[in-house]
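Undergrad: The structure file entry-v7.pdb (PDB, C-alpha atoms) is provided below.
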```pdb
ATOM      1  CA  MET A   1     -38.173 -90.364 107.814  1.00  0.00           C
ATOM      2  CA  THR A   2     -34.788 -92.019 108.319  1.00  0.00           C
ATOM      3  CA  ASP A   3     -34.553 -95.740 107.700  1.00  0.00           C
ATOM      4  CA  TYR A   4     -32.678 -97.248 110.682  1.00  0.00           C
ATOM      5  CA  THR A   5     -32.158-100.925 111.446  1.00  0.00           C
ATOM      6  CA  ILE A   6     -30.646-102.501 114.526  1.00  0.00           C
ATOM      7  CA  GLU A   7     -28.374-105.508 114.940  1.00  0.00           C
ATOM      8  CA  LEU A   8     -28.189-106.790 118.506  1.00  0.00           C
ATOM      9  CA  ASN A   9     -25.076-108.376 119.939  1.00  0.00           C
ATOM     10  CA  ASP A  10     -26.096-111.740 121.343  1.00  0.00           C
ATOM     11  CA  ARG A  11     -24.618-111.172 124.796  1.00  0.00           C
ATOM     12  CA  VAL A  12     -25.947-109.686 128.014  1.00  0.00           C
ATOM     13  CA  LYS A  13     -22.850-108.975 130.074  1.00  0.00           C
ATOM     14  CA  PRO A  14     -22.970-108.356 133.826  1.00  0.00           C
ATOM     15  CA  PHE A  15     -20.660-105.743 135.345  1.00  0.00           C
ATOM     16  CA  ARG A  16     -20.166-104.104 138.706  1.00  0.00           C
ATOM     17  CA  CYS A  17     -20.841-100.401 138.984  1.00  0.00           C
ATOM     18  CA  PRO A  18     -17.456 -98.746 139.574  1.00  0.00           C
ATOM     19  CA  HIS A  19     -19.047 -96.286 142.017  1.00  0.00           C
ATOM     20  CA  CYS A  20     -21.243 -98.457 144.243  1.00  0.00           C
ATOM     21  CA  GLY A  21     -20.251-102.044 143.375  1.00  0.00           C
ATOM     22  CA  GLU A  22     -23.815-103.138 142.548  1.00  0.00           C
ATOM     23  CA  GLU A  23     -24.201-105.600 139.678  1.00  0.00           C
ATOM     24  CA  SER A  24     -25.812-104.287 136.507  1.00  0.00           C
ATOM     25  CA  VAL A  25     -25.823-105.416 132.848  1.00  0.00           C
ATOM     26  CA  THR A  26     -24.494-104.185 129.517  1.00  0.00           C
ATOM     27  CA  VAL A  27     -25.947-104.833 126.071  1.00  0.00           C
ATOM     28  CA  TRP A  28     -24.673-103.505 122.772  1.00  0.00           C
ATOM     29  CA  GLY A  29     -25.376-103.431 119.090  1.00  0.00           C
ATOM     30  CA  ASN A  30     -25.014-101.736 115.726  1.00  0.00           C
ATOM     31  CA  ILE A  31     -27.295 -99.283 113.957  1.00  0.00           C
ATOM     32  CA  SER A  32     -27.513 -99.030 110.183  1.00  0.00           C
ATOM     33  CA  LYS A  33     -28.970 -96.037 108.400  1.00  0.00           C
ATOM     34  CA  GLU A  34     -30.377 -96.511 104.918  1.00  0.00           C
ATOM     35  CA  ASN A  35     -28.668 -99.944 104.740  1.00  0.00           C
ATOM     36  CA  ALA A  36     -25.164 -98.655 105.624  1.00  0.00           C
ATOM     37  CA  ALA A  37     -23.221 -99.055 108.882  1.00  0.00           C
ATOM     38  CA  HIS A  38     -23.883 -95.899 110.891  1.00  0.00           C
ATOM     39  CA  ALA A  39     -23.395 -96.287 114.654  1.00  0.00           C
ATOM     40  CA  VAL A  40     -22.436 -98.620 117.464  1.00  0.00           C
ATOM     41  CA  TYR A  41     -23.707 -98.397 121.020  1.00  0.00           C
ATOM     42  CA  PHE A  42     -23.185 -99.780 124.481  1.00  0.00           C
ATOM     43  CA  ALA A  43     -26.097 -99.599 126.911  1.00  0.00           C
ATOM     44  CA  ASN A  44     -25.275 -99.948 130.594  1.00  0.00           C
ATOM     45  CA  LEU A  45     -28.544-100.828 132.294  1.00  0.00           C
ATOM     46  CA  MET A  46     -28.087 -99.909 135.938  1.00  0.00           C
ATOM     47  CA  THR A  47     -30.235-102.738 137.315  1.00  0.00           C
ATOM     48  CA  GLY A  48     -28.449-102.681 140.675  1.00  0.00           C
ATOM     49  CA  HIS A  49     -29.310 -99.033 141.329  1.00  0.00           C
ATOM     50  CA  GLU A  50     -32.406 -97.874 143.143  1.00  0.00           C
ATOM     51  CA  GLU A  51     -32.982 -95.192 140.480  1.00  0.00           C
ATOM     52  CA  ALA A  52     -33.331 -96.708 136.993  1.00  0.00           C
ATOM     53  CA  SER A  53     -30.864 -95.362 134.428  1.00  0.00           C
ATOM     54  CA  ALA A  54     -29.847 -96.581 130.968  1.00  0.00           C
ATOM     55  CA  ARG A  55     -26.445 -95.131 130.115  1.00  0.00           C
ATOM     56  CA  LEU A  56     -25.861 -95.071 126.372  1.00  0.00           C
ATOM     57  CA  THR A  57     -22.460 -94.615 124.773  1.00  0.00           C
ATOM     58  CA  ILE A  58     -23.203 -93.946 121.083  1.00  0.00           C
ATOM     59  CA  SER A  59     -20.555 -93.607 118.362  1.00  0.00           C
ATOM     60  CA  ILE A  60     -21.607 -92.274 114.947  1.00  0.00           C
ATOM     61  CA  GLY A  61     -19.697 -92.034 111.664  1.00  0.00           C
ATOM     62  CA  GLY A  62     -17.091 -94.033 109.822  1.00  0.00           C
ATOM     63  CA  TRP A  63     -18.466 -97.443 110.741  1.00  0.00           C
ATOM     64  CA  GLY A  64     -17.910 -99.952 107.982  1.00  0.00           C
ATOM     65  CA  GLN A  65     -14.576 -98.196 107.371  1.00  0.00           C
ATOM     66  CA  GLU A  66     -11.239 -98.314 109.146  1.00  0.00           C
ATOM     67  CA  ASP A  67     -11.033 -94.536 109.598  1.00  0.00           C
ATOM     68  CA  THR A  68     -11.818 -93.752 113.247  1.00  0.00           C
ATOM     69  CA  ALA A  69     -11.225 -90.025 112.578  1.00  0.00           C
ATOM     70  CA  LYS A  70     -14.764 -89.823 111.125  1.00  0.00           C
ATOM     71  CA  ARG A  71     -16.302 -91.108 114.371  1.00  0.00           C
ATOM     72  CA  THR A  72     -17.601 -89.081 117.283  1.00  0.00           C
ATOM     73  CA  TRP A  73     -19.363 -90.307 120.355  1.00  0.00           C
ATOM     74  CA  VAL A  74     -21.576 -89.064 123.152  1.00  0.00           C
ATOM     75  CA  PHE A  75     -22.704 -90.351 126.503  1.00  0.00           C
ATOM     76  CA  ILE A  76     -26.463 -90.072 127.018  1.00  0.00           C
ATOM     77  CA  GLU A  77     -28.365 -91.090 130.118  1.00  0.00           C
ATOM     78  CA  ALA A  78     -32.000 -92.167 129.769  1.00  0.00           C
ATOM     79  CA  ARG A  79     -34.275 -92.341 132.801  1.00  0.00           C
ATOM     80  CA  PRO A  80     -37.838 -93.602 132.855  1.00  0.00           C
ATOM     81  CA  THR A  81     -40.645 -91.195 133.655  1.00  0.00           C
ATOM     82  CA  ALA A  82     -44.269 -91.950 134.493  1.00  0.00           C
ATOM     83  CA  ASP A  83     -45.254 -92.438 130.848  1.00  0.00           C
ATOM     84  CA  SER A  84     -42.023 -92.410 128.806  1.00  0.00           C
ATOM     85  CA  TYR A  85     -38.373 -91.538 129.458  1.00  0.00           C
ATOM     86  CA  GLU A  86     -36.124 -88.492 129.434  1.00  0.00           C
ATOM     87  CA  MET A  87     -32.618 -88.211 128.046  1.00  0.00           C
ATOM     88  CA  MET A  88     -29.692 -85.997 128.927  1.00  0.00           C
ATOM     89  CA  VAL A  89     -26.182 -85.709 127.554  1.00  0.00           C
ATOM     90  CA  ARG A  90     -23.504 -86.405 130.157  1.00  0.00           C
ATOM     91  CA  GLU A  91     -19.742 -85.873 130.153  1.00  0.00           C
ATOM     92  CA  PRO A  92     -17.662 -88.521 128.335  1.00  0.00           C
ATOM     93  CA  GLU A  93     -15.543 -89.149 131.437  1.00  0.00           C
ATOM     94  CA  GLU A  94     -18.637 -90.685 133.042  1.00  0.00           C
ATOM     95  CA  SER A  95     -18.872 -93.400 130.363  1.00  0.00           C
ATOM     96  CA  LEU A  96     -17.340 -96.799 131.074  1.00  0.00           C
ATOM     97  CA  TYR A  97     -16.018 -96.634 127.486  1.00  0.00           C
ATOM     98  CA  ASN A  98     -14.134 -93.341 127.787  1.00  0.00           C
ATOM     99  CA  GLY A  99     -10.661 -93.728 126.328  1.00  0.00           C
ATOM    100  CA  ARG A 100     -11.619 -96.362 123.743  1.00  0.00           C
ATOM    101  CA  ALA A 101     -10.038 -94.969 120.589  1.00  0.00           C
ATOM    102  CA  ILE A 102     -12.179 -97.155 118.310  1.00  0.00           C
ATOM    103  CA  LEU A 103     -15.229 -95.030 119.230  1.00  0.00           C
ATOM    104  CA  GLY A 104     -13.637 -91.868 117.826  1.00  0.00           C
ATOM    105  CA  LYS A 105     -13.601 -88.408 119.374  1.00  0.00           C
ATOM    106  CA  PRO A 106     -15.655 -88.004 122.557  1.00  0.00           C
ATOM    107  CA  LEU A 107     -17.878 -84.931 122.713  1.00  0.00           C
ATOM    108  CA  THR A 108     -18.326 -83.054 125.960  1.00  0.00           C
ATOM    109  CA  ARG A 109     -21.866 -82.171 126.964  1.00  0.00           C
ATOM    110  CA  VAL A 110     -21.447 -78.607 125.619  1.00  0.00           C
ATOM    111  CA  GLU A 111     -19.879 -79.844 122.359  1.00  0.00           C
ATOM    112  CA  ALA A 112     -22.636 -82.429 121.858  1.00  0.00           C
ATOM    113  CA  LEU A 113     -25.442 -79.949 122.488  1.00  0.00           C
ATOM    114  CA  ASN A 114     -23.888 -77.529 119.989  1.00  0.00           C
ATOM    115  CA  SER A 115     -22.953 -80.181 117.431  1.00  0.00           C
ATOM    116  CA  PRO A 116     -24.543 -80.158 113.968  1.00  0.00           C
ATOM    117  CA  ILE A 117     -25.310 -83.866 114.515  1.00  0.00           C
ATOM    118  CA  LYS A 118     -26.928 -83.426 117.958  1.00  0.00           C
ATOM    119  CA  ASP A 119     -30.346 -84.367 116.564  1.00  0.00           C
ATOM    120  CA  GLU A 120     -28.843 -87.457 114.954  1.00  0.00           C
ATOM    121  CA  PHE A 121     -27.420 -88.635 118.290  1.00  0.00           C
ATOM    122  CA  PHE A 122     -30.830 -88.207 119.921  1.00  0.00           C
ATOM    123  CA  ALA A 123     -32.593 -89.922 116.990  1.00  0.00           C
ATOM    124  CA  VAL A 124     -30.261 -92.918 117.303  1.00  0.00           C
ATOM    125  CA  ALA A 125     -30.741 -92.956 121.092  1.00  0.00           C
ATOM    126  CA  ASP A 126     -34.532 -92.936 120.644  1.00  0.00           C
ATOM    127  CA  PHE A 127     -34.264 -95.724 118.073  1.00  0.00           C
ATOM    128  CA  ILE A 128     -32.241 -97.808 120.537  1.00  0.00           C
ATOM    129  CA  ALA A 129     -34.744 -97.126 123.348  1.00  0.00           C
ATOM    130  CA  PHE A 130     -37.648 -98.301 121.185  1.00  0.00           C
ATOM    131  CA  ASN A 131     -35.965-101.160 119.310  1.00  0.00           C
ATOM    132  CA  ASP A 132     -33.435-102.848 121.586  1.00  0.00           C
ATOM    133  CA  PRO A 133     -35.656-105.175 123.658  1.00  0.00           C
ATOM    134  CA  ALA A 134     -33.319-105.036 126.678  1.00  0.00           C
ATOM    135  CA  VAL A 135     -33.197-101.234 126.773  1.00  0.00           C
ATOM    136  CA  LYS A 136     -36.903-100.862 126.029  1.00  0.00           C
ATOM    137  CA  SER A 137     -37.990-103.306 128.755  1.00  0.00           C
ATOM    138  CA  TYR A 138     -35.649-101.726 131.294  1.00  0.00           C
ATOM    139  CA  LEU A 139     -36.935 -98.207 130.584  1.00  0.00           C
ATOM    140  CA  LEU A 140     -40.478 -99.564 131.005  1.00  0.00           C
ATOM    141  CA  ARG A 141     -39.376-100.748 134.476  1.00  0.00           C
ATOM    142  CA  GLN A 142     -39.741-104.394 133.505  1.00  0.00           C
ATOM    143  CA  GLN A 143     -37.280-107.248 133.790  1.00  0.00           C
ATOM    144  CA  VAL A 144     -34.477-106.825 131.225  1.00  0.00           C
ATOM    145  CA  SER A 145     -35.564-108.695 128.099  1.00  0.00           C
ATOM    146  CA  ARG A 146     -33.136-111.147 126.533  1.00  0.00           C
ATOM    147  CA  GLU A 147     -35.198-111.298 123.327  1.00  0.00           C
ATOM    148  CA  GLY A 148     -32.847-111.467 120.346  1.00  0.00           C
ATOM    149  CA  ARG A 149     -29.899-112.305 122.588  1.00  0.00           C
ATOM    150  CA  GLY A 150     -28.407-115.401 124.150  1.00  0.00           C
ATOM    151  CA  ALA A 151     -27.678-116.107 127.779  1.00  0.00           C
ATOM    152  CA  ILE A 152     -25.739-113.984 130.223  1.00  0.00           C
ATOM    153  CA  HIS A 153     -21.976-114.199 129.620  1.00  0.00           C
TER     154      HIS A 153
END
```
Since I need it in another form, could you write the structure as structure tokens?

TA:
Amino acid sequence: MTDYTIELNDRVKPFRCPHCGEESVTVWGNISKENAAHAVYFANLMTGHEEASARLTISIGGWGQEDTAKRTWVFIEARPTADSYEMMVREPEESLYNGRAILGKPLTRVEALNSPIKDEFFAVADFIAFNDPAVKSYLLRQQVSREGRGAIH
């Protein structure tokens, strides 16, 4: 079993959906694996949408170093189901963070699903869904939890 830990950023940042204009919120944090920097993520919680959707931009590799060439990222959408949630890889152009060089190389849906680290991306996404209180509460169709974070900024 992999030993992950999570470090939450203390902010909950509102944003307007670029497609519909509804207000939603973003949270973000860092994931360590076996006590070493491993991944960063941004979770756009689409609170203004009728259909719940947590949109995760996850970058893995090279964190704790200056070399962005070791980093790759994917865009994964999580939607609640009756008793859990389901995840699907989306295209990087759909992410609000597309074009941010610090995240590394974006993987298309096909590239991500054929990547040797596909399972790692999904493992990190699952870890976020279970351990970031804001993401977890949202996927449970509850009010977005601010546990471990400060006020809205």

Undergrad: Choose the residue, out of A:Ile128, A:Leu140, A:Ala101, A:Ile31, that has the smallest atom-to-atom separation from Thr5 (chain A); count all atoms listed in the file.

TA: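 Ranked by minimum distance to Thr5 (chain A), first place goes to A:Ile31.
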
Undergrad: Kindly resolve the PyMOL selection byres ((chain A and resi 74) around 6) on the present coordinates and return the residues as an mmCIF file with C-alpha atoms, in the frame of the given file.

TA:
```cif
data_model
loop_
_atom_site.group_PDB
_atom_site.id
_atom_site.type_symbol
_atom_site.label_atom_id
_atom_site.label_comp_id
_atom_site.auth_asym_id
_atom_site.auth_seq_id
_atom_site.Cartn_x
_atom_site.Cartn_y
_atom_site.Cartn_z
ATOM 1 C CA THR A 57 -22.460 -94.615 124.773
ATOM 2 C CA ILE A 58 -23.203 -93.946 121.083
ATOM 3 C CA TRP A 73 -19.363 -90.307 120.355
ATOM 4 C CA PHE A 75 -22.704 -90.351 126.503
ATOM 5 C CA LEU A 107 -17.878 -84.931 122.713
#
```

Undergrad: List every protein, DNA or RNA residue with an atom no more than 7 Å from (-25.4, -100.1, 115.5) in the file's coordinates, counting only C-alpha atoms, and format the result as a PyMOL selection string.

TA: chain A and resi 6-7+29-32+38-41

Undergrad: Could the residues in this selection be written to a file with C-alpha atoms, as a compact mmCIF listing (two decimals), keeping the file's coordinate frame?

TA:
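File written: part39.txt
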```txt
# COMPACT_ATOMS: atom_id res chain seq x y z
CA ILE A 6 -30.65 -102.50 114.53
CA GLU A 7 -28.37 -105.51 114.94
CA GLY A 29 -25.38 -103.43 119.09
CA ASN A 30 -25.01 -101.74 115.73
CA ILE A 31 -27.30 -99.28 113.96
CA SER A 32 -27.51 -99.03 110.18
CA HIS A 38 -23.88 -95.90 110.89
CA ALA A 39 -23.40 -96.29 114.65
CA VAL A 40 -22.44 -98.62 117.46
CA TYR A 41 -23.71 -98.40 121.02
```

Undergrad: Would you place a box with edges along x, y and z of the file around all atoms of region 119-133 of chain A listed there, add 5 Å to each of its six sides, and report the centre and edge lengths in Å to one decimal, as AutoDock Vina command-line options?

TA:
```
--center_x -32.5 --center_y -94.8 --center_z 119.3 --size_x 20.2 --size_y 30.8 --size_z 18.7
```

Undergrad: Once the PyMOL selection byres ((chain A and resi 42) around 12) is applied to the coordinates I shared, what remains selected? I want it as a PyMOL selection string.

TA: chain A and resi 8-9+11-13+25-31+39-41+43-45+54-59+73-77+95-98+103+125+128-129+132+134-135
